[in-house]
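Report on the structure given below.
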Amino acid sequence: MLNVALPKGRLGDKVYSLFASIGYECPSMNEDNRKLVFESTEKNVRYLLVKPSDVAIYVERGAADIGVVGKDTLLETTPDVYELLDLKLGKCSLAVAARNGWIDDVSAPLRVATKYPNVAQTYFATQNRQIEIIKLNGSIELAPILGLSDVIFDIVETGTTLRENNLSVYTTVAQSSARLIANKSSYQFKAGIIDDICRRIEERL
């Protein structure tokens, strides 16, 4: 049986629809319940619903053979997995944003609020900019509004939240979208079925 880790939420729903469209449907996925594991013996597939940021951990440690995770998470956590395919879903960008009209004072360390400390450190190191990381887990936009940080380093989809809070993108650092990843050991033993899934998905896309 192939174990597939799906991120909970809208992205997971879209990914499941994609898998169902290539022949890996699981009827119980459409039931209204709070289950986290869904299995189809007919299709020989088991879906695991997990927190988006945990998908790569389940795959890396072998609890799931394959999974779907945002490129932003892969950049931040650098899990030891194979990145197989860009699913073109959940597109967004990693960007530095600040209050409208903000001007960088290069004489002082830049205070950066983010939930992506590793990516932020790497980026600003390439800019030779000294920074102070302020690690936050949510409502990052509040930080510059309240003077907690100078800028934020976060994912931006439509930019609506930024605009509504009088913030704007200062620079775009990287593009992100949903990626299909595989456990390295699983890929050795189940290469046939995993490659077939990749081929079918590519044809769909």
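The way I read the labels, and the way they are meant: chains A, B, ... in the order of the structure tokens, residue 1 as the first residue of every chain, and ligand 1 as the first ligand shown, with later ones counted on from there.
If you count only C-alpha atoms and ignore residues fewer than 3 places along the chain from Pro52 in chain A, what sits within 8 Å of it is A:Leu6, A:Pro7, A:Lys8, A:Val55, A:Val69.
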For the selection just defined, write its residues with C-alpha atoms to a file, as a PDB file, in the first residue's frame.
```pdb
ATOM      1  CA  LEU A   6      -1.525  15.334   2.319  1.00  0.00           C
ATOM      2  CA  PRO A   7      -1.534  18.791   3.911  1.00  0.00           C
ATOM      3  CA  LYS A   8      -4.782  19.582   5.713  1.00  0.00           C
ATOM      4  CA  VAL A  55       4.371  16.652   5.727  1.00  0.00           C
ATOM      5  CA  VAL A  69       4.598  20.212   0.623  1.00  0.00           C
TER       6      VAL A  69
END
```
What's around Asn118 in chain A at 12 Å? Count only C-alpha atoms, leave out sequence neighbours fewer than 2 positions away in its own chain, and write the answer as a list of chain:residue names.
A:Asp72, A:Thr73, A:Leu74, A:Leu75, A:Glu76, A:Thr77, A:Thr78, A:Val112, A:Thr114, A:Lys115, A:Tyr116, A:Ala120, A:Gln121, A:Thr122, A:Tyr123, A:Phe124, A:Ala125, A:Ile133, A:Ile134, A:Lys135, A:Phe153, A:Asp154
Grab the residues selected above and save them as a compact mmCIF listing (two decimals), in the first residue's frame with N, CA and C atoms.
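Once everything was written out, this is again_4.txt:
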```
# COMPACT_ATOMS: atom_id res chain seq x y z
N ASP A 72 8.38 26.57 -0.01
CA ASP A 72 8.85 27.42 1.09
C ASP A 72 9.28 26.58 2.29
N THR A 73 8.50 25.53 2.58
CA THR A 73 8.84 24.65 3.70
C THR A 73 10.10 23.86 3.41
N LEU A 74 10.26 23.41 2.17
CA LEU A 74 11.47 22.66 1.79
C LEU A 74 12.71 23.54 1.93
N LEU A 75 12.59 24.80 1.52
CA LEU A 75 13.72 25.72 1.64
C LEU A 75 14.09 25.98 3.10
N GLU A 76 13.07 26.06 3.96
CA GLU A 76 13.31 26.36 5.37
C GLU A 76 13.87 25.17 6.13
N THR A 77 13.34 23.98 5.87
CA THR A 77 13.69 22.82 6.71
C THR A 77 14.69 21.87 6.06
N THR A 78 14.92 22.00 4.76
CA THR A 78 15.85 21.16 3.99
C THR A 78 15.79 19.67 4.39
N VAL A 112 13.99 41.59 11.56
CA VAL A 112 13.19 40.83 10.59
C VAL A 112 12.26 39.86 11.33
N THR A 114 9.68 36.83 11.14
CA THR A 114 9.47 35.77 10.15
C THR A 114 9.20 34.43 10.82
N LYS A 115 8.56 33.53 10.06
CA LYS A 115 8.50 32.13 10.48
C LYS A 115 9.44 31.29 9.61
N TYR A 116 10.29 31.99 8.84
CA TYR A 116 11.28 31.33 7.99
C TYR A 116 12.69 31.84 8.33
N ALA A 120 15.52 33.35 5.66
CA ALA A 120 15.80 34.78 5.85
C ALA A 120 17.29 35.01 6.10
N GLN A 121 17.88 34.20 6.98
CA GLN A 121 19.31 34.34 7.27
C GLN A 121 20.13 34.16 6.00
N THR A 122 19.78 33.14 5.22
CA THR A 122 20.53 32.86 3.99
C THR A 122 20.41 34.01 3.01
N TYR A 123 19.19 34.52 2.85
CA TYR A 123 18.99 35.62 1.89
C TYR A 123 19.77 36.87 2.30
N PHE A 124 19.60 37.31 3.55
CA PHE A 124 20.23 38.55 3.96
C PHE A 124 21.76 38.42 4.02
N ALA A 125 22.27 37.19 4.21
CA ALA A 125 23.71 36.97 4.17
C ALA A 125 24.24 37.28 2.76
N ILE A 133 16.82 38.34 13.87
CA ILE A 133 15.63 37.56 13.56
C ILE A 133 14.66 37.59 14.74
N ILE A 134 13.39 37.86 14.45
CA ILE A 134 12.32 37.76 15.45
C ILE A 134 11.38 36.66 14.96
N LYS A 135 11.46 35.51 15.61
CA LYS A 135 10.70 34.34 15.15
C LYS A 135 9.25 34.44 15.62
N PHE A 153 9.50 38.86 6.68
CA PHE A 153 9.93 37.94 5.63
C PHE A 153 8.91 36.82 5.64
N ASP A 154 8.04 36.78 4.62
CA ASP A 154 6.90 35.87 4.69
C ASP A 154 6.44 35.49 3.29
```
From A:Gln175, A:Ser168, A:Ser40, A:Ser107, residue lying nearest Ile155 in chain A [only C-alpha atoms]:
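Closest residue, counting only C-alpha atoms: A:Gln175.
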Which is closer to Ile201 in chain A than all the others in A:Met29, A:Thr172, A:Val15, A:Ser139, using only C-alpha atoms?
A:Val15
Minimum-distance residue to Asp196 in chain A, chosen among A:Pro79, A:Arg111, A:Glu164, A:Ile22 (using only C-alpha atoms):
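That would be A:Ile22, the residue with the smallest distance to Asp196 in chain A.
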I need the residues of range 154-185 of chain A that end up classed as strand (DSSP E) by DSSP on the backbone, written out as a PDB file with N, CA and C atoms, in the first residue's frame.
```pdb
ATOM      1  N   ASP A 154       8.040  36.776   4.615  1.00  0.00           N
ATOM      2  CA  ASP A 154       6.901  35.867   4.689  1.00  0.00           C
ATOM      3  C   ASP A 154       6.438  35.487   3.285  1.00  0.00           C
ATOM      4  N   ILE A 155       5.480  34.552   3.229  1.00  0.00           N
ATOM      5  CA  ILE A 155       4.899  34.198   1.941  1.00  0.00           C
ATOM      6  C   ILE A 155       3.814  35.208   1.588  1.00  0.00           C
ATOM      7  N   VAL A 156       3.733  35.523   0.313  1.00  0.00           N
ATOM      8  CA  VAL A 156       2.728  36.461  -0.198  1.00  0.00           C
ATOM      9  C   VAL A 156       1.996  35.777  -1.344  1.00  0.00           C
ATOM     10  N   LEU A 167       1.107  47.820   4.178  1.00  0.00           N
ATOM     11  CA  LEU A 167       2.432  47.261   3.930  1.00  0.00           C
ATOM     12  C   LEU A 167       2.563  46.976   2.446  1.00  0.00           C
ATOM     13  N   SER A 168       3.796  46.880   1.980  1.00  0.00           N
ATOM     14  CA  SER A 168       4.017  46.515   0.583  1.00  0.00           C
ATOM     15  C   SER A 168       5.301  45.708   0.448  1.00  0.00           C
ATOM     16  N   VAL A 169       5.390  44.947  -0.643  1.00  0.00           N
ATOM     17  CA  VAL A 169       6.564  44.109  -0.885  1.00  0.00           C
ATOM     18  C   VAL A 169       7.768  44.989  -1.209  1.00  0.00           C
ATOM     19  N   TYR A 170       8.846  44.743  -0.501  1.00  0.00           N
ATOM     20  CA  TYR A 170      10.094  45.487  -0.702  1.00  0.00           C
ATOM     21  C   TYR A 170      10.953  44.767  -1.744  1.00  0.00           C
ATOM     22  N   THR A 171      11.023  43.441  -1.614  1.00  0.00           N
ATOM     23  CA  THR A 171      11.737  42.635  -2.614  1.00  0.00           C
ATOM     24  C   THR A 171      11.224  41.195  -2.572  1.00  0.00           C
ATOM     25  N   THR A 172      11.099  40.571  -3.725  1.00  0.00           N
ATOM     26  CA  THR A 172      10.692  39.168  -3.812  1.00  0.00           C
ATOM     27  C   THR A 172      11.940  38.294  -3.855  1.00  0.00           C
ATOM     28  N   VAL A 173      11.989  37.290  -2.979  1.00  0.00           N
ATOM     29  CA  VAL A 173      13.191  36.477  -2.813  1.00  0.00           C
ATOM     30  C   VAL A 173      13.113  35.153  -3.567  1.00  0.00           C
ATOM     31  N   ALA A 174      11.950  34.485  -3.531  1.00  0.00           N
ATOM     32  CA  ALA A 174      11.815  33.177  -4.183  1.00  0.00           C
ATOM     33  C   ALA A 174      10.358  32.887  -4.479  1.00  0.00           C
ATOM     34  N   GLN A 175      10.135  32.006  -5.436  1.00  0.00           N
ATOM     35  CA  GLN A 175       8.792  31.555  -5.765  1.00  0.00           C
ATOM     36  C   GLN A 175       8.530  30.218  -5.089  1.00  0.00           C
ATOM     37  N   SER A 176       7.286  29.995  -4.692  1.00  0.00           N
ATOM     38  CA  SER A 176       6.936  28.743  -4.019  1.00  0.00           C
ATOM     39  C   SER A 176       5.656  28.173  -4.619  1.00  0.00           C
ATOM     40  N   ALA A 178       3.356  23.992  -4.561  1.00  0.00           N
ATOM     41  CA  ALA A 178       3.310  22.652  -3.971  1.00  0.00           C
ATOM     42  C   ALA A 178       4.219  21.691  -4.728  1.00  0.00           C
ATOM     43  N   ARG A 179       5.003  20.917  -4.001  1.00  0.00           N
ATOM     44  CA  ARG A 179       5.923  19.958  -4.611  1.00  0.00           C
ATOM     45  C   ARG A 179       5.617  18.544  -4.131  1.00  0.00           C
ATOM     46  N   LEU A 180       5.727  17.597  -5.037  1.00  0.00           N
ATOM     47  CA  LEU A 180       5.584  16.182  -4.688  1.00  0.00           C
ATOM     48  C   LEU A 180       6.948  15.683  -4.259  1.00  0.00           C
ATOM     49  N   ILE A 181       7.017  15.135  -3.045  1.00  0.00           N
ATOM     50  CA  ILE A 181       8.289  14.633  -2.520  1.00  0.00           C
ATOM     51  C   ILE A 181       8.157  13.151  -2.186  1.00  0.00           C
ATOM     52  N   ALA A 182       9.290  12.481  -2.105  1.00  0.00           N
ATOM     53  CA  ALA A 182       9.289  11.039  -1.812  1.00  0.00           C
ATOM     54  C   ALA A 182      10.346  10.696  -0.779  1.00  0.00           C
TER      55      ALA A 182
END
```
Considering only alpha helix (DSSP H) as DSSP defines it on the backbone, what residues of range 84-149 of chain A qualify? List them as a ChimeraX atom specification.
/A:117-126,142-145
With C-alpha atoms retained, write the just-selected residues as a short mmCIF file (atom, residue, chain, number, x, y, z; two decimals), in the first residue's frame.
```cif
data_model
loop_
_atom_site.label_atom_id
_atom_site.label_comp_id
_atom_site.auth_asym_id
_atom_site.auth_seq_id
_atom_site.Cartn_x
_atom_site.Cartn_y
_atom_site.Cartn_z
CA PRO A 117 14.44 32.16 9.97
CA ASN A 118 16.77 29.91 7.96
CA VAL A 119 15.69 31.21 4.54
CA ALA A 120 15.80 34.78 5.85
CA GLN A 121 19.31 34.34 7.27
CA THR A 122 20.53 32.86 3.99
CA TYR A 123 18.99 35.62 1.89
CA PHE A 124 20.23 38.55 3.96
CA ALA A 125 23.71 36.97 4.17
CA THR A 126 23.86 37.25 0.36
CA LEU A 142 1.50 42.97 13.00
CA ALA A 143 5.22 43.17 13.77
CA PRO A 144 6.16 46.26 11.72
CA ILE A 145 2.82 47.93 12.50
#
```
With distances taken over only C-alpha atoms, which of A:Gln127, A:Ile197, A:Val4, A:Leu136 is nearest to Val59 in chain A?
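Nearest candidate to Val59 in chain A out of A:Gln127, A:Ile197, A:Val4, A:Leu136: A:Val4.
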Here is a test: counting only C-alpha atoms, which residue of A:Asn3, A:Asn165, A:Gln188, A:Ser93 is nearest to Leu146 in chain A?
A:Asn165
So which residues touch Thr41 in chain A within 12 Å, counting only C-alpha atoms, skipping near sequence neighbours fewer than 2 positions away, as a compact mmCIF listing (two decimals) with N, CA and C atoms, in the first residue's frame?
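So the final result, stored in selection.txt, reads:
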```
# COMPACT_ATOMS: atom_id res chain seq x y z
N MET A 1 0.83 -1.20 0.00
CA MET A 1 0.00 0.00 0.00
C MET A 1 0.87 1.25 0.00
N LEU A 2 0.48 2.24 -0.82
CA LEU A 2 1.22 3.48 -0.91
C LEU A 2 0.66 4.48 0.09
N ASN A 3 1.52 4.98 0.96
CA ASN A 3 1.12 5.97 1.96
C ASN A 3 1.42 7.38 1.46
N TYR A 24 -6.47 7.39 -8.33
CA TYR A 24 -6.18 7.03 -6.94
C TYR A 24 -7.24 7.61 -6.00
N GLU A 25 -8.50 7.43 -6.39
CA GLU A 25 -9.58 7.95 -5.56
C GLU A 25 -9.78 7.06 -4.33
N CYS A 26 -10.29 7.67 -3.29
CA CYS A 26 -10.56 6.98 -2.03
C CYS A 26 -11.90 7.52 -1.52
N PRO A 27 -13.02 6.80 -1.74
CA PRO A 27 -14.36 7.29 -1.43
C PRO A 27 -14.53 7.84 -0.01
N SER A 28 -13.85 7.23 0.97
CA SER A 28 -14.03 7.69 2.36
C SER A 28 -13.49 9.10 2.58
N PHE A 38 -7.23 7.67 5.68
CA PHE A 38 -8.24 7.18 4.75
C PHE A 38 -7.59 6.16 3.82
N GLU A 39 -8.27 5.02 3.66
CA GLU A 39 -7.65 3.91 2.96
C GLU A 39 -8.56 3.35 1.87
N LYS A 43 -7.67 0.57 -4.51
CA LYS A 43 -6.64 1.33 -5.21
C LYS A 43 -5.26 1.17 -4.57
N ASN A 44 -5.22 0.46 -3.44
CA ASN A 44 -3.97 0.20 -2.74
C ASN A 44 -3.26 1.50 -2.31
N VAL A 45 -4.08 2.42 -1.79
CA VAL A 45 -3.52 3.71 -1.37
C VAL A 45 -4.09 4.10 -0.02
N ARG A 46 -3.26 4.76 0.79
CA ARG A 46 -3.69 5.26 2.09
C ARG A 46 -3.30 6.73 2.19
N TYR A 47 -4.27 7.60 2.47
CA TYR A 47 -4.01 9.03 2.60
C TYR A 47 -3.92 9.41 4.08
```
What does the structure give for the distance between CA of Asp80 in chain A and CA of Val37 in chain A, in Å to one decimal?
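Pair CA of Asp80 in chain A / CA of Val37 in chain A returns 24.0 Å.
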For each of A:Gly62, A:Gly67, A:Gly90, A:Gly147, take the minimum atom-to-atom distance to Leu11 in chain A, counting only C-alpha atoms, then give the residue where this is smallest.
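The closest residue to Leu11 in chain A is A:Gly90.
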